[in-house]
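Down below is the structure, laid out as structure tokens.
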Amino acid sequence: MLPVQCKMARVALGLGVRELAAIAKVAQATISRFEAGEELKERTVDAIRAALESAGVEFIPENGGGAGVRLRK
């Protein structure tokens with residue numbers, strides 16, 4: 001998951017940084033740092049991604065059109 005995908009997913013779900021941090025069980029500053037492009041530990045990114053996926057987002061890999069996200073049906 002790229003930082004921009006995190007932000008796109010969060011906004012698509014209508015979540016603020018605080019709400020996503022609570023769902024992922026990480027600090028609010030961790031979400032902000034990641035979305036700003038700072039590298040995090042893999043397990044932290046995995047926790048954020050899992051929280052977003054469980055909330056209804058699918059991550060689309062880089063496939064020539066750029067990485068992205070979409071809401072699950």
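Identifiers in this document derive from the order of the structure tokens: chains are assigned A, B, ..., residues are numbered from 1 separately in each chain, and ligands are numbered from 1 in order of occurrence.
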
Extract, using only C-alpha atoms, all DNA, RNA and protein residues at most 8 Å from range 43-52 of chain A, discarding same-chain residues fewer than 4 positions from it, and format them as a PyMOL selection string. chain A and resi 1+6+9-10+20-21+23-26+56-57

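Minimum distance to Glu19 in chain A across A:Ile31, A:Ala36, A:Leu2, A:Leu71 (counting only C-alpha atoms) occurs at A:Ile31.
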
Write out as a PDB file with C-alpha atoms, in the first residue's frame all residues of chain A that backbone DSSP assigns to helix (DSSP H, G or I).
```pdb
ATOM      1  CA  PRO A   3       0.774   6.451   1.209  1.00  0.00           C
ATOM      2  CA  VAL A   4      -1.498   8.017  -1.418  1.00  0.00           C
ATOM      3  CA  GLN A   5      -3.610   4.845  -1.484  1.00  0.00           C
ATOM      4  CA  CYS A   6      -4.017   5.091   2.282  1.00  0.00           C
ATOM      5  CA  LYS A   7      -5.297   8.648   2.022  1.00  0.00           C
ATOM      6  CA  MET A   8      -7.588   7.832  -0.929  1.00  0.00           C
ATOM      7  CA  ALA A   9      -9.034   4.849   0.929  1.00  0.00           C
ATOM      8  CA  ARG A  10      -9.538   6.798   4.133  1.00  0.00           C
ATOM      9  CA  VAL A  11     -11.326   9.622   2.330  1.00  0.00           C
ATOM     10  CA  ALA A  12     -13.454   7.213   0.271  1.00  0.00           C
ATOM     11  CA  VAL A  17      -7.119  10.360  10.634  1.00  0.00           C
ATOM     12  CA  ARG A  18      -8.308   9.877  14.205  1.00  0.00           C
ATOM     13  CA  GLU A  19     -10.925   7.281  13.234  1.00  0.00           C
ATOM     14  CA  LEU A  20      -8.525   5.271  11.078  1.00  0.00           C
ATOM     15  CA  ALA A  21      -5.906   5.331  13.824  1.00  0.00           C
ATOM     16  CA  ALA A  22      -8.433   3.926  16.286  1.00  0.00           C
ATOM     17  CA  ILE A  23      -9.539   1.163  13.908  1.00  0.00           C
ATOM     18  CA  ALA A  24      -5.929   0.215  13.044  1.00  0.00           C
ATOM     19  CA  GLN A  28      -2.925   9.320  14.994  1.00  0.00           C
ATOM     20  CA  ALA A  29       0.536  10.730  14.241  1.00  0.00           C
ATOM     21  CA  THR A  30       1.475   7.397  12.634  1.00  0.00           C
ATOM     22  CA  ILE A  31      -1.304   7.767  10.052  1.00  0.00           C
ATOM     23  CA  SER A  32      -0.294  11.369   9.363  1.00  0.00           C
ATOM     24  CA  ARG A  33       3.369  10.463   8.994  1.00  0.00           C
ATOM     25  CA  PHE A  34       2.577   7.598   6.620  1.00  0.00           C
ATOM     26  CA  GLU A  35       0.286   9.709   4.441  1.00  0.00           C
ATOM     27  CA  GLU A  42       5.928  -3.279   7.588  1.00  0.00           C
ATOM     28  CA  ARG A  43       3.693  -4.590  10.364  1.00  0.00           C
ATOM     29  CA  THR A  44       2.344  -1.085  10.985  1.00  0.00           C
ATOM     30  CA  VAL A  45       1.482  -0.602   7.307  1.00  0.00           C
ATOM     31  CA  ASP A  46      -0.094  -4.069   7.330  1.00  0.00           C
ATOM     32  CA  ALA A  47      -2.283  -3.086  10.297  1.00  0.00           C
ATOM     33  CA  ILE A  48      -3.441   0.087   8.551  1.00  0.00           C
ATOM     34  CA  ARG A  49      -4.130  -1.787   5.320  1.00  0.00           C
ATOM     35  CA  ALA A  50      -6.069  -4.528   7.129  1.00  0.00           C
ATOM     36  CA  ALA A  51      -8.199  -1.907   8.882  1.00  0.00           C
ATOM     37  CA  LEU A  52      -9.028  -0.213   5.588  1.00  0.00           C
ATOM     38  CA  GLU A  53      -9.788  -3.510   3.868  1.00  0.00           C
ATOM     39  CA  SER A  54     -12.070  -4.629   6.684  1.00  0.00           C
TER      40      SER A  54
END
```
